[in-house]
Each structure stands twice: as C-alpha cells, then as structure tokens.
file input10.cif (mmCIF, C-alpha atoms and all ligand atoms)
data_coords
#
loop_
_atom_site.label_atom_id
_atom_site.label_comp_id
_atom_site.auth_asym_id
_atom_site.auth_seq_id
_atom_site.Cartn_x
_atom_site.Cartn_y
_atom_site.Cartn_z
CA MET X 130 22.58 -1.55 18.90
CA THR X 131 20.61 1.64 18.23
CA ARG X 132 17.71 1.43 15.82
CA VAL X 133 16.42 4.60 14.19
CA TRP X 134 12.79 5.66 13.73
CA ASN X 135 12.40 4.81 10.04
CA PHE X 136 9.71 6.82 8.22
CA SER X 137 10.51 5.34 4.79
CA ALA X 138 7.59 4.97 2.34
CA GLY X 139 8.87 1.53 1.39
CA PRO X 140 10.66 -0.74 1.76
CA ALA X 141 9.67 0.27 5.25
CA VAL X 142 9.97 -0.42 8.95
CA LEU X 143 9.25 -3.98 10.08
CA PRO X 144 8.29 -5.08 13.61
CA GLU X 145 11.43 -5.56 15.66
CA GLU X 146 10.16 -8.89 17.02
CA VAL X 147 9.80 -10.16 13.46
CA LEU X 148 13.34 -9.14 12.52
CA GLN X 149 14.64 -10.79 15.69
CA GLN X 150 12.77 -14.01 14.99
CA ALA X 151 14.03 -14.07 11.39
CA ALA X 152 17.56 -13.53 12.72
CA ASP X 153 17.18 -16.33 15.30
CA GLU X 154 15.92 -18.70 12.61
CA MET X 155 18.34 -17.62 9.88
CA LEU X 156 20.73 -20.57 10.06
CA ASP X 157 18.41 -23.21 11.41
CA TRP X 158 14.66 -23.00 10.89
CA ARG X 159 12.98 -24.73 13.83
CA GLY X 160 15.54 -27.46 14.24
CA ARG X 161 15.56 -28.58 10.59
CA GLY X 162 19.18 -27.53 10.12
CA LEU X 163 18.68 -25.18 7.21
CA SER X 164 17.64 -21.62 6.44
CA VAL X 165 14.25 -20.82 4.88
CA MET X 166 16.29 -19.32 2.00
CA GLU X 167 17.73 -22.76 1.30
CA MET X 168 14.44 -24.68 1.27
CA SER X 169 12.76 -26.13 -1.79
CA HIS X 170 9.53 -24.29 -2.36
CA ARG X 171 7.82 -27.64 -2.83
CA GLY X 172 9.20 -29.28 0.34
CA ALA X 173 7.15 -30.01 3.47
CA GLU X 174 8.80 -27.22 5.51
CA PHE X 175 8.13 -24.43 3.06
CA THR X 176 4.65 -25.76 2.27
CA GLU X 177 3.85 -25.34 5.96
CA ILE X 178 5.28 -21.78 5.98
CA PHE X 179 3.37 -20.86 2.83
CA ASP X 180 0.01 -22.34 3.86
CA THR X 181 0.16 -20.71 7.29
CA ALA X 182 1.05 -17.31 5.80
CA ARG X 183 -1.73 -17.44 3.24
CA SER X 184 -4.37 -18.60 5.72
CA ASN X 185 -3.37 -15.92 8.25
CA PHE X 186 -3.59 -13.26 5.51
CA ARG X 187 -7.10 -14.54 4.72
CA LYS X 188 -7.99 -14.50 8.40
CA LEU X 189 -6.69 -10.96 8.95
CA LEU X 190 -8.72 -9.57 6.04
CA ASN X 191 -11.69 -11.90 6.46
CA ILE X 192 -11.37 -12.92 2.80
CA PRO X 193 -14.48 -14.81 1.65
CA ASP X 194 -14.37 -18.13 -0.28
CA SER X 195 -15.45 -16.25 -3.40
CA HIS X 196 -11.93 -14.77 -3.58
CA ASP X 197 -8.53 -16.39 -4.11
CA VAL X 198 -5.20 -15.13 -2.72
CA LEU X 199 -2.17 -15.23 -5.01
CA PHE X 200 1.42 -14.54 -3.99
CA MET X 201 3.29 -13.27 -7.04
CA GLN X 202 6.28 -11.15 -8.12
CA GLY X 203 6.69 -8.02 -10.22
CA GLY X 204 5.42 -5.47 -7.70
CA ALA X 205 2.41 -3.20 -8.01
CA ILE X 206 3.86 -1.63 -11.15
CA GLY X 207 4.01 -5.11 -12.66
CA GLN X 208 0.29 -5.42 -11.89
CA ASN X 209 -0.34 -2.32 -14.02
CA ALA X 210 0.35 -4.62 -16.99
CA ILE X 211 -0.65 -7.95 -15.44
CA VAL X 212 -4.18 -6.81 -14.52
CA PRO X 213 -5.13 -5.66 -18.04
CA LEU X 214 -3.62 -8.84 -19.51
CA ASN X 215 -5.83 -10.88 -17.19
CA LEU X 216 -9.11 -9.00 -17.18
CA SER X 217 -9.53 -7.77 -20.75
CA ALA X 218 -10.93 -10.70 -22.77
CA GLY X 219 -14.05 -9.33 -24.41
CA PHE X 220 -13.31 -5.71 -23.49
CA THR X 221 -11.54 -2.81 -25.14
CA GLN X 222 -11.68 -0.18 -22.42
CA ALA X 223 -11.34 0.31 -18.66
CA ALA X 224 -12.27 3.15 -16.30
CA PHE X 225 -9.87 4.96 -13.97
CA VAL X 226 -10.15 7.26 -10.99
CA ASN X 227 -6.98 9.36 -10.88
CA THR X 228 -6.01 10.90 -7.57
CA GLY X 229 -2.23 11.08 -7.79
CA SER X 230 1.01 9.65 -9.12
CA TRP X 231 0.28 5.96 -8.62
CA SER X 232 -3.21 5.89 -10.09
CA LYS X 233 -1.95 8.02 -12.97
CA LYS X 234 0.82 5.51 -13.67
CA THR X 235 -1.72 2.67 -13.80
CA PHE X 236 -3.90 4.73 -16.15
CA GLN X 237 -0.95 5.42 -18.48
CA GLU X 238 0.16 1.78 -18.61
CA TYR X 239 -3.33 0.60 -19.52
CA LYS X 240 -3.11 2.58 -22.78
CA LYS X 241 -0.88 -0.22 -24.12
CA TYR X 242 -3.81 -2.63 -23.77
CA GLY X 243 -6.94 -0.63 -24.50
CA GLU X 244 -8.69 2.69 -24.17
CA ALA X 245 -8.10 4.17 -20.73
CA VAL X 246 -10.97 6.41 -19.66
CA ALA X 247 -10.38 8.73 -16.70
CA VAL X 248 -13.92 8.88 -15.35
CA LEU X 249 -12.89 10.95 -12.34
CA SER X 250 -9.78 12.79 -11.29
CA ASN X 251 -8.85 15.58 -8.98
CA SER X 252 -7.47 18.59 -10.76
CA LEU X 253 -3.89 18.33 -9.61
CA PRO X 254 -1.55 19.84 -12.22
CA ALA X 255 0.53 16.68 -12.21
CA LEU X 256 -2.49 14.74 -13.46
CA THR X 257 -3.23 16.88 -16.47
CA ASP X 258 0.02 18.30 -17.79
CA GLY X 259 2.53 15.90 -16.31
CA THR X 260 4.55 18.61 -14.57
CA ALA X 261 5.89 18.14 -11.06
CA ARG X 262 3.53 19.33 -8.40
CA ASP X 263 4.86 21.71 -5.78
CA LEU X 264 2.92 21.04 -2.61
CA THR X 265 4.20 24.22 -1.01
CA HIS X 266 2.36 26.52 -3.36
CA SER X 267 -0.57 24.45 -4.54
CA ALA X 268 -4.08 23.95 -3.27
CA SER X 269 -4.85 20.85 -1.25
CA ALA X 270 -4.67 17.35 -2.69
CA TYR X 271 -8.01 15.57 -2.31
CA VAL X 272 -10.36 12.74 -3.27
CA PRO X 273 -12.92 13.85 -5.86
CA ASP X 274 -16.65 13.45 -5.22
CA CYS X 275 -17.40 9.83 -6.19
CA SER X 276 -21.19 9.91 -5.99
CA GLY X 277 -21.60 10.22 -9.76
CA LEU X 278 -19.53 7.10 -10.50
CA PRO X 279 -22.42 4.73 -11.26
CA ALA X 280 -23.71 7.14 -13.92
CA LEU X 281 -20.19 7.59 -15.34
CA VAL X 282 -19.33 3.91 -15.41
CA ASN X 283 -22.47 1.90 -16.06
CA SER X 284 -23.46 0.78 -19.55
CA GLN X 285 -20.02 1.65 -20.93
CA ASN X 286 -18.75 -1.94 -21.13
CA PHE X 287 -15.65 -1.21 -19.06
CA ALA X 288 -13.51 -4.23 -18.16
CA TYR X 289 -13.15 -2.76 -14.68
CA LEU X 290 -12.84 0.42 -12.67
CA HIS X 291 -9.39 1.02 -11.18
CA TYR X 292 -8.43 3.31 -8.32
CA CYS X 293 -5.61 3.62 -5.78
CA ASP X 294 -6.93 3.37 -2.22
CA ASN X 295 -3.98 5.24 -0.74
CA GLU X 296 -1.72 7.50 -2.79
CA THR X 297 1.63 6.96 -1.10
CA ILE X 298 3.24 10.06 -2.60
CA GLY X 299 0.43 12.61 -2.33
CA GLY X 300 -0.89 11.29 0.99
CA VAL X 301 -4.50 11.05 -0.23
CA GLU X 302 -6.56 8.11 1.05
CA PHE X 303 -10.06 6.93 0.25
CA HIS X 304 -12.19 6.22 3.26
CA GLY X 305 -14.57 3.68 1.72
CA GLN X 306 -16.22 5.94 -0.90
CA ILE X 307 -15.78 3.56 -3.84
CA GLU X 308 -16.38 0.41 -1.81
CA ALA X 309 -19.75 1.84 -0.74
CA LEU X 310 -20.74 2.27 -4.39
CA ALA X 311 -19.28 -0.99 -5.75
CA SER X 312 -22.58 -2.89 -5.70
CA GLN X 313 -24.12 -0.17 -7.90
CA LEU X 314 -21.42 -0.51 -10.56
CA ASP X 315 -21.81 -2.93 -13.44
CA CYS X 316 -18.06 -3.62 -13.70
CA PRO X 317 -15.68 -4.98 -11.05
CA VAL X 318 -13.64 -2.62 -8.87
CA VAL X 319 -9.85 -3.08 -8.94
CA ALA X 320 -7.90 -1.41 -6.11
CA ASP X 321 -4.20 -0.76 -5.56
CA MET X 322 -3.82 -1.15 -1.79
CA SER X 323 -0.03 -1.28 -1.72
CA SER X 324 0.35 1.24 1.08
CA ASN X 325 -2.70 0.74 3.30
CA ILE X 326 -3.51 -2.97 3.18
CA LEU X 327 -4.01 -4.42 6.70
CA SER X 328 -4.49 -0.95 8.20
CA ARG X 329 -8.28 -0.78 8.04
CA GLN X 330 -11.26 -3.10 7.98
CA PHE X 331 -12.94 -3.34 4.60
CA ASP X 332 -15.31 -5.64 2.79
CA VAL X 333 -13.26 -7.73 0.35
CA SER X 334 -16.43 -9.06 -1.30
CA GLN X 335 -17.05 -5.62 -2.84
CA TYR X 336 -13.88 -5.86 -4.92
CA GLY X 337 -13.10 -7.78 -8.08
CA LEU X 338 -9.37 -7.51 -7.43
CA ILE X 339 -7.05 -5.99 -4.84
CA TYR X 340 -3.28 -5.93 -5.30
CA GLY X 341 -0.14 -4.39 -3.91
CA GLY X 342 3.54 -4.73 -3.19
CA ALA X 343 4.37 -6.18 0.21
CA GLN X 344 7.16 -3.80 1.13
CA LYS X 345 5.07 -1.37 3.20
CA ASN X 346 2.61 -3.06 5.55
CA ILE X 347 3.42 -6.72 4.91
CA GLY X 348 7.10 -7.53 4.68
CA PRO X 349 10.16 -7.40 2.44
CA ALA X 350 10.12 -6.31 -1.21
CA GLY X 351 9.78 -9.04 -3.80
CA LEU X 352 6.32 -10.27 -2.87
CA THR X 353 3.14 -9.01 -4.55
CA PHE X 354 -0.25 -9.94 -3.13
CA VAL X 355 -3.33 -10.37 -5.33
CA ILE X 356 -6.82 -11.00 -3.98
CA ILE X 357 -9.10 -11.90 -6.87
CA LYS X 358 -12.76 -12.80 -7.21
CA LYS X 359 -12.66 -16.35 -8.61
CA GLU X 360 -15.22 -15.58 -11.30
CA LEU X 361 -12.68 -13.18 -12.88
CA LEU X 362 -10.08 -15.92 -13.37
CA SER X 363 -11.20 -16.69 -16.90
CA ARG X 364 -10.83 -13.29 -18.51
CA SER X 365 -7.18 -13.37 -19.60
CA LEU X 366 -5.93 -12.46 -23.05
CA PRO X 367 -4.16 -15.23 -25.03
CA ILE X 368 -0.91 -13.21 -24.99
CA CYS X 369 -0.79 -13.10 -21.16
CA PRO X 370 2.48 -14.75 -20.03
CA SER X 371 1.76 -18.00 -18.17
CA ALA X 372 3.80 -16.95 -15.13
CA PHE X 373 1.53 -13.90 -14.77
CA GLU X 374 -1.80 -15.47 -15.69
CA PHE X 375 -3.96 -15.38 -12.56
CA LYS X 376 -5.78 -18.60 -13.55
CA THR X 377 -2.50 -20.50 -13.98
CA VAL X 378 -1.06 -19.05 -10.78
CA SER X 379 -4.25 -19.88 -8.91
CA GLU X 380 -4.47 -23.47 -10.24
CA ASN X 381 -0.88 -24.02 -9.15
CA GLY X 382 -1.33 -22.57 -5.66
CA SER X 383 1.01 -19.63 -6.44
CA MET X 384 3.75 -22.16 -7.30
CA TYR X 385 3.58 -22.22 -11.10
CA ASN X 386 7.07 -20.84 -10.87
CA THR X 387 9.26 -20.38 -7.80
CA PRO X 388 7.63 -17.85 -5.49
CA PRO X 389 9.69 -15.30 -3.46
CA THR X 390 10.11 -17.78 -0.62
CA TYR X 391 12.01 -15.68 1.92
CA SER X 392 9.71 -12.68 1.47
CA ILE X 393 6.70 -14.96 2.01
CA TYR X 394 8.31 -16.37 5.17
CA VAL X 395 8.88 -12.88 6.64
CA ALA X 396 5.38 -11.78 5.57
CA GLY X 397 4.08 -14.82 7.46
CA LEU X 398 5.94 -13.69 10.59
CA VAL X 399 4.39 -10.22 10.18
CA PHE X 400 0.90 -11.75 9.88
CA GLU X 401 1.47 -13.73 13.10
CA TRP X 402 2.75 -10.58 14.83
CA LEU X 403 -0.31 -8.61 13.68
CA LEU X 404 -2.71 -11.32 14.85
CA LYS X 405 -1.00 -11.24 18.27
CA GLN X 406 -1.45 -7.45 18.48
CA GLY X 407 -5.19 -7.78 17.80
CA GLY X 408 -5.36 -7.97 14.02
CA VAL X 409 -6.64 -5.31 11.65
CA ASN X 410 -8.91 -3.81 14.35
CA TRP X 411 -5.80 -3.04 16.36
CA ALA X 412 -3.95 -1.68 13.31
CA GLN X 413 -6.88 0.56 12.42
CA ALA X 414 -7.10 2.01 15.93
CA GLU X 415 -3.34 2.55 16.06
CA ALA X 416 -3.31 4.20 12.62
CA LYS X 417 -5.97 6.62 13.83
CA ARG X 418 -4.11 7.38 17.07
CA LYS X 419 -0.74 7.89 15.36
CA SER X 420 -1.98 9.92 12.39
CA GLU X 421 -4.14 12.13 14.60
CA LEU X 422 -1.14 12.90 16.76
CA LEU X 423 0.83 14.18 13.76
CA TYR X 424 -2.06 15.92 11.97
CA SER X 425 -3.22 17.72 15.09
CA TYR X 426 0.30 19.05 15.57
CA LEU X 427 0.49 20.13 11.88
CA ASP X 428 -2.90 21.85 12.06
CA GLN X 429 -1.97 24.05 14.99
CA SER X 430 1.59 24.76 13.80
CA GLU X 431 2.55 28.14 12.37
CA PHE X 432 5.51 26.64 10.59
CA PHE X 433 4.47 23.19 9.28
CA ARG X 434 1.42 22.44 7.18
CA SER X 435 -0.35 19.48 5.58
CA PRO X 436 -1.17 20.03 1.90
CA VAL X 437 -4.00 17.46 1.90
CA ALA X 438 -7.72 18.23 2.37
CA SER X 439 -8.51 17.14 5.91
CA ALA X 440 -11.26 14.63 5.01
CA ASP X 441 -8.96 12.82 2.56
CA ARG X 442 -5.76 12.56 4.54
CA SER X 443 -3.85 9.32 4.53
CA ARG X 444 -3.35 7.57 7.85
CA MET X 445 -0.21 5.88 6.46
CA ASN X 446 1.74 8.51 4.47
CA ILE X 447 1.73 12.05 5.79
CA PRO X 448 3.29 14.71 3.58
CA PHE X 449 3.98 18.08 5.18
CA VAL X 450 5.76 21.28 4.21
CA LEU X 451 7.83 23.88 6.01
CA ALA X 452 6.84 27.54 5.74
CA ASP X 453 10.45 28.32 4.84
CA GLU X 454 11.66 25.74 2.31
CA SER X 455 15.25 26.94 2.60
CA LEU X 456 15.25 25.12 5.97
CA ASN X 457 14.41 21.72 4.46
CA ALA X 458 18.00 20.45 4.51
CA THR X 459 18.56 21.67 8.08
CA PHE X 460 15.31 20.01 9.17
CA LEU X 461 16.37 16.69 7.66
CA SER X 462 19.87 16.74 9.11
CA GLN X 463 18.71 17.73 12.62
CA ALA X 464 15.99 15.04 12.42
CA ALA X 465 18.63 12.44 11.51
CA GLU X 466 20.72 13.52 14.53
CA ARG X 467 17.69 12.64 16.68
CA GLY X 468 17.39 9.23 14.97
CA LEU X 469 14.43 10.21 12.75
CA VAL X 470 15.21 9.15 9.17
CA GLN X 471 13.71 8.92 5.66
CA LEU X 472 11.56 12.02 6.07
CA LYS X 473 12.32 13.62 2.72
CA GLY X 474 9.23 13.90 0.50
CA HIS X 475 9.09 12.15 -2.87
CA LYS X 476 11.16 13.98 -5.48
CA SER X 477 8.06 14.73 -7.59
CA VAL X 478 6.39 16.77 -4.84
CA GLY X 479 9.18 17.96 -2.53
CA GLY X 480 8.61 18.82 1.12
CA MET X 481 8.59 16.10 3.77
CA ARG X 482 6.72 12.84 4.23
CA ALA X 483 6.36 10.64 7.29
CA SER X 484 5.21 7.11 6.49
CA ILE X 485 3.77 5.52 9.59
CA TYR X 486 2.82 1.96 8.70
CA ASN X 487 1.56 -0.69 11.15
CA ALA X 488 5.08 -1.49 12.37
CA MET X 489 5.84 2.14 13.35
CA PRO X 490 5.19 2.37 17.10
CA TYR X 491 3.27 5.33 18.57
CA GLU X 492 6.51 6.33 20.31
CA GLY X 493 8.16 6.89 16.92
CA VAL X 494 5.46 9.36 15.87
CA ALA X 495 5.63 11.04 19.29
CA ALA X 496 9.40 11.40 18.88
CA LEU X 497 8.86 13.04 15.48
CA VAL X 498 6.30 15.49 16.85
CA ASP X 499 8.61 16.37 19.77
CA PHE X 500 11.40 17.10 17.34
CA MET X 501 9.15 19.21 15.08
CA ARG X 502 7.98 21.22 18.10
CA ASP X 503 11.58 21.90 19.13
CA PHE X 504 12.55 22.82 15.56
CA GLU X 505 9.63 25.21 15.23
CA ALA X 506 10.45 26.87 18.56
CA GLU X 507 13.99 27.42 17.36
CA VAL X 508 13.15 28.96 13.98
CA VAL X 509 9.88 30.88 14.42
C1 LIG N 1 0.31 2.95 -4.10
C2 LIG N 1 1.50 2.37 -4.81
N1 LIG N 1 1.30 1.74 -5.98
C3 LIG N 1 2.32 1.20 -6.65
C4 LIG N 1 3.61 1.28 -6.19
C5 LIG N 1 4.73 0.64 -6.96
O1 LIG N 1 5.04 -0.54 -6.34
P1 LIG N 1 6.26 -1.50 -6.79
O2 LIG N 1 7.50 -0.72 -6.59
O3 LIG N 1 6.08 -2.65 -5.85
O4 LIG N 1 6.04 -1.90 -8.20
C6 LIG N 1 3.87 1.90 -4.98
C7 LIG N 1 5.27 1.95 -4.48
O5 LIG N 1 5.66 2.71 -3.67
C8 LIG N 1 2.79 2.47 -4.29
O6 LIG N 1 2.99 3.11 -3.12
#

call {"tool": "encode", "arguments": {"input": "input10.cif", "output": "structure tokens"}}
result
Amino acid sequence: MTRVWNFSAGPAVLPEEVLQQAADEMLDWRGRGLSVMEMSHRGAEFTEIFDTARSNFRKLLNIPDSHDVLFMQGGAIGQNAIVPLNLSAGFTQAAFVNTGSWSKKTFQEYKKYGEAVAVLSNSLPALTDGTARDLTHSASAYVPDCSGLPALVNSQNFAYLHYCDNETIGGVEFHGQIEALASQLDCPVVADMSSNILSRQFDVSQYGLIYGGAQKNIGPAGLTFVIIKKELLSRSLPICPSAFEFKTVSENGSMYNTPPTYSIYVAGLVFEWLLKQGGVNWAQAEAKRKSELLYSYLDQSEFFRSPVASADRSRMNIPFVLADESLNATFLSQAAERGLVQLKGHKSVGGMRASIYNAMPYEGVAALVDFMRDFEAEVV
C-alpha cells in the first residue's frame, strides 16, 4: 500500500493510526461483535464512545463549565443559518468582520434573518463586488486592523459579532486579535473555526460561540461541533427548527435526533491520538514548524510566492502562486507523480494551496518543499 501526501482543504488527511484502528474495529468493536456503524446511538457502547469523545474534546480545548459542547449536523454553512435562528431573539442586527470567502458567505446568509452590518473588512475585490479574486495579480490578502472594533460595535445592540478565525480559501488567519478585545465588546463573539480548531491554544471563555465542520482537523465530514456559552441558550427565535435549536440539542445531550455516530467515533479516535501526541500544545508547535518550513521556502523563491501579508498568514492553509501560471498544470501533474496531491487552489482564487492540518506530518511538508525546489530549478 502506498499512501499519498494529501494536501486537501477538507475532507482532509487523517492520522494513519486512526484509520488503522477504525479498520481494525470495523467489523467488531472491542469484542462486542458489531460495528460502530450498527450501534444504537442510545445503547451503552455508543454512549461510552460519545461521552469519551466529548470529554476529550473539552480536555483538549480546556473548555470551561460556562460553555456546552454540542455535536450536530449541517456543516459550518448550516451554522450560517442555525446561529442567527438561535441568537436573535430581541435583536434585529448582527456585526460581521469580513476577511474572505467564508466570512462573506456567513454575512450574506444573515441577511435572511436581520440587518447584517460589516463593521470591518479587508478591501479584497471579492468582498465588495463579488468578482473572483486573482491572487496572482492582486495585493496581499490580510487581516484588517481590529483595534477600533469596540467603538464600531458597542452600543449598537448587535446580537453578536461574527468572524472567521481562519479563511481556508484565502489563507488568512487571525492570531488572537479579536479574542484579545472580546471583553471590551458588549455583544458576544461568534467564531467560525472550521479549519484551525485544535491547532492553537485559545481562551474559550472569551467566546459566545465557536463552530465548525469536523472534516479538517477533527475527523470525517458529517459532524459539526458547536461550543456555546450556556447563557446564550435561551435566545432562539420561535421559528428555529427543534433539531437545530441549541437549547433543545443541549438538553438532550446532542441526541435530540440521531447524531452522526460514525463520524463522532472517528473524531473520538482523533482526539485520543492528539492527546497522545501532546495535545493542542503539540499541534501548535507542529503547525508553526511545518508552516514556517513552507513559508520560508516561498519567501526566498524567485518562482513561487505567497499572496498573504506575512503577519496574517494561515498556519493551516497555505495558498501560493507560480510566477508563470501557464505551468500550473505541469506543476500539479509532476507533484502527483511524486505522491503530492490536492494542491490545486480553490476555483475562486486559482493558484495552488497546501492544507497542512494536524494530521499532516512534517515529512509531508518537507516532501512538498523538496519537490518545489526541484521544479523551480528545472524551470527558472
Ligand atoms: C472556514 C470555513 N467555513 C465554512 C466552511 C463550510 O463548511 P461545510 O462544508 O462543513 O458547511 C468551510 C469549508 O471548507 C470552511 O473552511
């Protein structure tokens, strides 16, 4: 068996040990004679799997008692509707920080539920006129200066302030700017952490709500995590569907309806794997080591370039462009021959993108940099 280095943005690489364990347990989970896929979600076996997964997730992120963890379905895009339906009682508007495609999508969806106010955005063309952004010819993507947020947000009666902590497509990541200001804001902070959850230490208590799809740093698609401050559980609109009402989901221990059982099982294996590696501290150090390896190569290269302002670069999703775009297809096919796959950038921005989540070993990034060095030597 030969496994490739998979740089997919998601669904993404999973730890090989986890896949092996899931394979070993596929037909017979720990001597019970059945697969996890075949278990009742209310039975003793799955209850054990679920409780262990949830408590390890809490342990990894040091989630305080003030916050509940919900395992849901519908993905992060589902949350773009579910969050407003749950947090809007008594409010008619919410504030948004727009830094790329994903935050912009959340902003747009909110317009169905109230007045969406973009209090801050970077000036990317894609954010203002909706046209595709060509990273090859544009200025850097970046995080806007957030220091004025309290003045922009306070006394406006916003239901919440939403931002995306890591823009998976543009490769722009916050490095704690909004978290540091959260206590000065008079509305809760809601963060989409789909693509960088479990990759850095952060203070959960500063957030009203954190959500994301699991299919990047947690496990298979189908599972959505929600971390919510309990005091926000009573803000839902009457039209909120019961299956998506945080209060109902919370009161039923994420089992109001059948949860995505197999995805939760694999996520639980990933949490155990991460704890064994050294938890989020380990992931954070590895993310730094791996991303610095690739960025330092990009910064000295005469052929490849990062389009993101250096202070705001993502440690998880690294877009890069070739000086000669006509070589994009050759680059991708030669990379695939070396076992380096899923490097094509998102269709809205073009170029390349290497997603290097927790489960991507340092050796995978080193193999990519070796290949890029060889490619550059050949074409420059
Ligand atoms: C930051 C971010 N938000 C939202 C989404 C959409 O997630 P889903 O497909 O789980 O709805 C993605 C998916 O790639 C993402 O990266």

call {"tool": "closest_residue", "arguments": {"input": "input10.cif", "among": "X:Ala224, X:Val147, X:Ala320, X:Ile192", "to": "ligand LIG 1 (chain N)", "atoms": "only C-alpha atoms and all ligand atoms"}}
result
X:Ala320

call {"tool": "closest_residue", "arguments": {"input": "input10.cif", "among": "X:Asp332, X:Glu360, X:Glu296, X:Glu374", "to": "ligand LIG 1 (chain N)", "atoms": "only C-alpha atoms and all ligand atoms"}}
result
X:Glu296

call {"tool": "closest_residue", "arguments": {"input": "input10.cif", "among": "X:Leu497, X:Leu403, X:Val395, X:Val508", "to": "Leu451 in chain X", "atoms": "only C-alpha atoms"}}
result
X:Val508

call {"tool": "closest_residue", "arguments": {"input": "input10.cif", "among": "X:Tyr289, X:Tyr385, X:Phe331, X:Tyr336", "to": "Ala372 in chain X", "atoms": "all atoms listed in the file"}}
result
X:Tyr385

call {"tool": "residues_near_ligand", "arguments": {"input": "input10.cif", "ligand": "ligand LIG 1 (chain N)", "cutoff": "7 Å", "atoms": "only C-alpha atoms and all ligand atoms", "output": "list in words"}}
result
Ala138, Gly139, Gly203, Gly204, Ala205, Ile206, Gly207, Trp231, Cys293, Asn295, Glu296, Thr297, Ile298, Asp321, Met322, Ser323, Ser324, Gly341 and Gly342 of chain X

call {"tool": "residues_near_point", "arguments": {"input": "input10.cif", "point": "(13.8, 25.9, 4.1)", "cutoff": "12 Å", "atoms": "all atoms listed in the file", "output": "PDB file with C-alpha atoms, keeping the file's coordinate frame"}}
result
ATOM      1  CA  THR X 265       4.200  24.220  -1.010  1.00  0.00           C
ATOM      2  CA  PHE X 432       5.510  26.640  10.590  1.00  0.00           C
ATOM      3  CA  PHE X 433       4.470  23.190   9.280  1.00  0.00           C
ATOM      4  CA  VAL X 450       5.760  21.280   4.210  1.00  0.00           C
ATOM      5  CA  LEU X 451       7.830  23.880   6.010  1.00  0.00           C
ATOM      6  CA  ALA X 452       6.840  27.540   5.740  1.00  0.00           C
ATOM      7  CA  ASP X 453      10.450  28.320   4.840  1.00  0.00           C
ATOM      8  CA  GLU X 454      11.660  25.740   2.310  1.00  0.00           C
ATOM      9  CA  SER X 455      15.250  26.940   2.600  1.00  0.00           C
ATOM     10  CA  LEU X 456      15.250  25.120   5.970  1.00  0.00           C
ATOM     11  CA  ASN X 457      14.410  21.720   4.460  1.00  0.00           C
ATOM     12  CA  ALA X 458      18.000  20.450   4.510  1.00  0.00           C
ATOM     13  CA  THR X 459      18.560  21.670   8.080  1.00  0.00           C
ATOM     14  CA  PHE X 460      15.310  20.010   9.170  1.00  0.00           C
ATOM     15  CA  LEU X 461      16.370  16.690   7.660  1.00  0.00           C
ATOM     16  CA  GLY X 479       9.180  17.960  -2.530  1.00  0.00           C
ATOM     17  CA  GLY X 480       8.610  18.820   1.120  1.00  0.00           C
ATOM     18  CA  MET X 481       8.590  16.100   3.770  1.00  0.00           C
ATOM     19  CA  PHE X 504      12.550  22.820  15.560  1.00  0.00           C
ATOM     20  CA  GLU X 505       9.630  25.210  15.230  1.00  0.00           C
ATOM     21  CA  VAL X 508      13.150  28.960  13.980  1.00  0.00           C
TER      22      VAL X 508
END
